[in-house]
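Report on the structure given below.
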Amino acid sequence: MTEASFEEHLHSGNALVARAQQAATVDFQQARALWQQAGQHFFHAHNDVAPALWSS
């Protein structure tokens, strides 16, 4: 995974968390779905980069 895609996943995850925080007071189910999507982005950002870090 390239540095750009790591940053893209991280940025996308952070944006979803911000949306989830706004939605949480009105629609918890929507907020939960957004948090789950954010978690997937964070997983991919870190999981795909971790093997490269271990080999250095």
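So you can find residues: chains in the structure tokens are A, B, ... in the order shown, residues in each start at 1, and ligands are numbered from 1 in order.
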
Would you mind listing what lies within 6 Å of range 29-36 of chain A as a list in words, with only C-alpha atoms counted and same-chain residues fewer than 3 positions away left out? Leu16, Val17, Ala20, Ala23, Ala24 and Gly39 of chain A

How close does range 6-41 of chain A get to range 45-49 of chain A? List, as CSV, each residue of range 6-41 of chain A within 12 Å, its nearest atom pair and the distance in Å to one decimal, counting only C-alpha atoms.
residue,atom,partner,partner_atom,distance
A:Phe6,CA,A:Ala45,CA,4.7
A:Glu7,CA,A:Ala45,CA,7.4
A:Glu8,CA,A:Ala45,CA,8.1
A:His9,CA,A:Ala45,CA,5.3
A:Leu10,CA,A:Ala45,CA,6.2
A:His11,CA,A:Ala45,CA,9.7
A:Ser12,CA,A:Ala45,CA,9.9
A:Gly13,CA,A:Ala45,CA,9.1
A:Asn14,CA,A:Ala45,CA,11.6
A:Ala38,CA,A:Ala45,CA,10.5
A:Gly39,CA,A:Ala45,CA,9.7
A:Gln40,CA,A:Ala45,CA,8.5
A:His41,CA,A:Ala45,CA,6.0

Go ahead and dump the residues you just picked, all heavy atoms, as an mmCIF file, in the first residue's frame.
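Saved as result-v3.cif:
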data_model
loop_
_atom_site.group_PDB
_atom_site.id
_atom_site.type_symbol
_atom_site.label_atom_id
_atom_site.label_comp_id
_atom_site.auth_asym_id
_atom_site.auth_seq_id
_atom_site.Cartn_x
_atom_site.Cartn_y
_atom_site.Cartn_z
ATOM 1 N N PHE A 6 -2.725 5.058 2.391
ATOM 2 C CA PHE A 6 -2.798 5.071 3.853
ATOM 3 C C PHE A 6 -3.461 6.366 4.310
ATOM 4 O O PHE A 6 -4.394 6.361 5.110
ATOM 5 C CB PHE A 6 -1.396 4.941 4.458
ATOM 6 C CG PHE A 6 -1.370 5.170 5.952
ATOM 7 C CD1 PHE A 6 -1.748 4.168 6.827
ATOM 8 C CD2 PHE A 6 -0.959 6.389 6.466
ATOM 9 C CE1 PHE A 6 -1.730 4.379 8.203
ATOM 10 C CE2 PHE A 6 -0.937 6.612 7.833
ATOM 11 C CZ PHE A 6 -1.321 5.602 8.693
ATOM 12 N N GLU A 7 -2.979 7.487 3.769
ATOM 13 C CA GLU A 7 -3.529 8.793 4.129
ATOM 14 C C GLU A 7 -4.997 8.903 3.707
ATOM 15 O O GLU A 7 -5.800 9.490 4.433
ATOM 16 C CB GLU A 7 -2.707 9.919 3.498
ATOM 17 C CG GLU A 7 -1.317 10.062 4.076
ATOM 18 C CD GLU A 7 -1.318 10.509 5.535
ATOM 19 O OE1 GLU A 7 -2.245 11.235 5.942
ATOM 20 O OE2 GLU A 7 -0.389 10.128 6.254
ATOM 21 N N GLU A 8 -5.332 8.358 2.549
ATOM 22 C CA GLU A 8 -6.724 8.398 2.085
ATOM 23 C C GLU A 8 -7.639 7.640 3.030
ATOM 24 O O GLU A 8 -8.718 8.127 3.382
ATOM 25 C CB GLU A 8 -6.831 7.824 0.673
ATOM 26 C CG GLU A 8 -6.217 8.706 -0.395
ATOM 27 C CD GLU A 8 -6.078 8.015 -1.735
ATOM 28 O OE1 GLU A 8 -6.533 6.871 -1.889
ATOM 29 O OE2 GLU A 8 -5.499 8.639 -2.634
ATOM 30 N N HIS A 9 -7.221 6.440 3.446
ATOM 31 C CA HIS A 9 -8.028 5.660 4.390
ATOM 32 C C HIS A 9 -8.159 6.398 5.719
ATOM 33 O O HIS A 9 -9.241 6.444 6.306
ATOM 34 C CB HIS A 9 -7.410 4.281 4.630
ATOM 35 C CG HIS A 9 -7.740 3.283 3.574
ATOM 36 N ND1 HIS A 9 -9.024 2.877 3.285
ATOM 37 C CD2 HIS A 9 -6.938 2.590 2.733
ATOM 38 C CE1 HIS A 9 -9.004 1.981 2.323
ATOM 39 N NE2 HIS A 9 -7.749 1.791 1.964
ATOM 40 N N LEU A 10 -7.066 6.960 6.186
ATOM 41 C CA LEU A 10 -7.091 7.672 7.452
ATOM 42 C C LEU A 10 -8.015 8.888 7.372
ATOM 43 O O LEU A 10 -8.843 9.113 8.263
ATOM 44 C CB LEU A 10 -5.665 8.100 7.822
ATOM 45 C CG LEU A 10 -5.377 8.371 9.274
ATOM 46 C CD1 LEU A 10 -5.687 7.170 10.144
ATOM 47 C CD2 LEU A 10 -3.917 8.767 9.435
ATOM 48 N N HIS A 11 -7.913 9.641 6.297
ATOM 49 C CA HIS A 11 -8.766 10.821 6.115
ATOM 50 C C HIS A 11 -10.237 10.410 6.015
ATOM 51 O O HIS A 11 -11.110 11.036 6.637
ATOM 52 C CB HIS A 11 -8.338 11.591 4.864
ATOM 53 C CG HIS A 11 -9.208 12.768 4.572
ATOM 54 N ND1 HIS A 11 -9.176 13.926 5.311
ATOM 55 C CD2 HIS A 11 -10.160 12.948 3.626
ATOM 56 C CE1 HIS A 11 -10.079 14.769 4.838
ATOM 57 N NE2 HIS A 11 -10.679 14.205 3.816
ATOM 58 N N SER A 12 -10.519 9.366 5.256
ATOM 59 C CA SER A 12 -11.902 8.899 5.112
ATOM 60 C C SER A 12 -12.473 8.445 6.445
ATOM 61 O O SER A 12 -13.621 8.752 6.783
ATOM 62 C CB SER A 12 -11.972 7.746 4.102
ATOM 63 O OG SER A 12 -11.624 8.198 2.815
ATOM 64 N N GLY A 13 -11.669 7.718 7.195
ATOM 65 C CA GLY A 13 -12.111 7.266 8.515
ATOM 66 C C GLY A 13 -12.407 8.433 9.439
ATOM 67 O O GLY A 13 -13.432 8.451 10.134
ATOM 68 N N ASN A 14 -11.528 9.417 9.449
ATOM 69 C CA ASN A 14 -11.734 10.585 10.300
ATOM 70 C C ASN A 14 -12.983 11.363 9.890
ATOM 71 O O ASN A 14 -13.732 11.848 10.741
ATOM 72 C CB ASN A 14 -10.512 11.501 10.268
ATOM 73 C CG ASN A 14 -9.346 10.915 11.035
ATOM 74 O OD1 ASN A 14 -9.530 10.109 11.932
ATOM 75 N ND2 ASN A 14 -8.140 11.311 10.677
ATOM 76 N N ALA A 38 -16.039 3.747 9.366
ATOM 77 C CA ALA A 38 -14.769 4.377 9.742
ATOM 78 C C ALA A 38 -13.785 3.314 10.219
ATOM 79 O O ALA A 38 -12.607 3.339 9.860
ATOM 80 C CB ALA A 38 -14.990 5.422 10.829
ATOM 81 N N GLY A 39 -14.263 2.380 11.009
ATOM 82 C CA GLY A 39 -13.409 1.301 11.500
ATOM 83 C C GLY A 39 -12.804 0.490 10.368
ATOM 84 O O GLY A 39 -11.645 0.073 10.439
ATOM 85 N N GLN A 40 -13.561 0.277 9.309
ATOM 86 C CA GLN A 40 -13.034 -0.454 8.153
ATOM 87 C C GLN A 40 -11.901 0.330 7.497
ATOM 88 O O GLN A 40 -10.885 -0.254 7.106
ATOM 89 C CB GLN A 40 -14.146 -0.733 7.152
ATOM 90 C CG GLN A 40 -15.159 -1.727 7.648
ATOM 91 C CD GLN A 40 -16.339 -1.892 6.709
ATOM 92 O OE1 GLN A 40 -16.469 -1.179 5.722
ATOM 93 N NE2 GLN A 40 -17.212 -2.827 7.027
ATOM 94 N N HIS A 41 -12.072 1.642 7.383
ATOM 95 C CA HIS A 41 -11.005 2.462 6.796
ATOM 96 C C HIS A 41 -9.754 2.428 7.672
ATOM 97 O O HIS A 41 -8.633 2.289 7.174
ATOM 98 C CB HIS A 41 -11.470 3.905 6.611
ATOM 99 C CG HIS A 41 -12.322 4.097 5.398
ATOM 100 N ND1 HIS A 41 -11.809 4.132 4.124
ATOM 101 C CD2 HIS A 41 -13.660 4.257 5.276
ATOM 102 C CE1 HIS A 41 -12.794 4.305 3.266
ATOM 103 N NE2 HIS A 41 -13.927 4.388 3.936
#
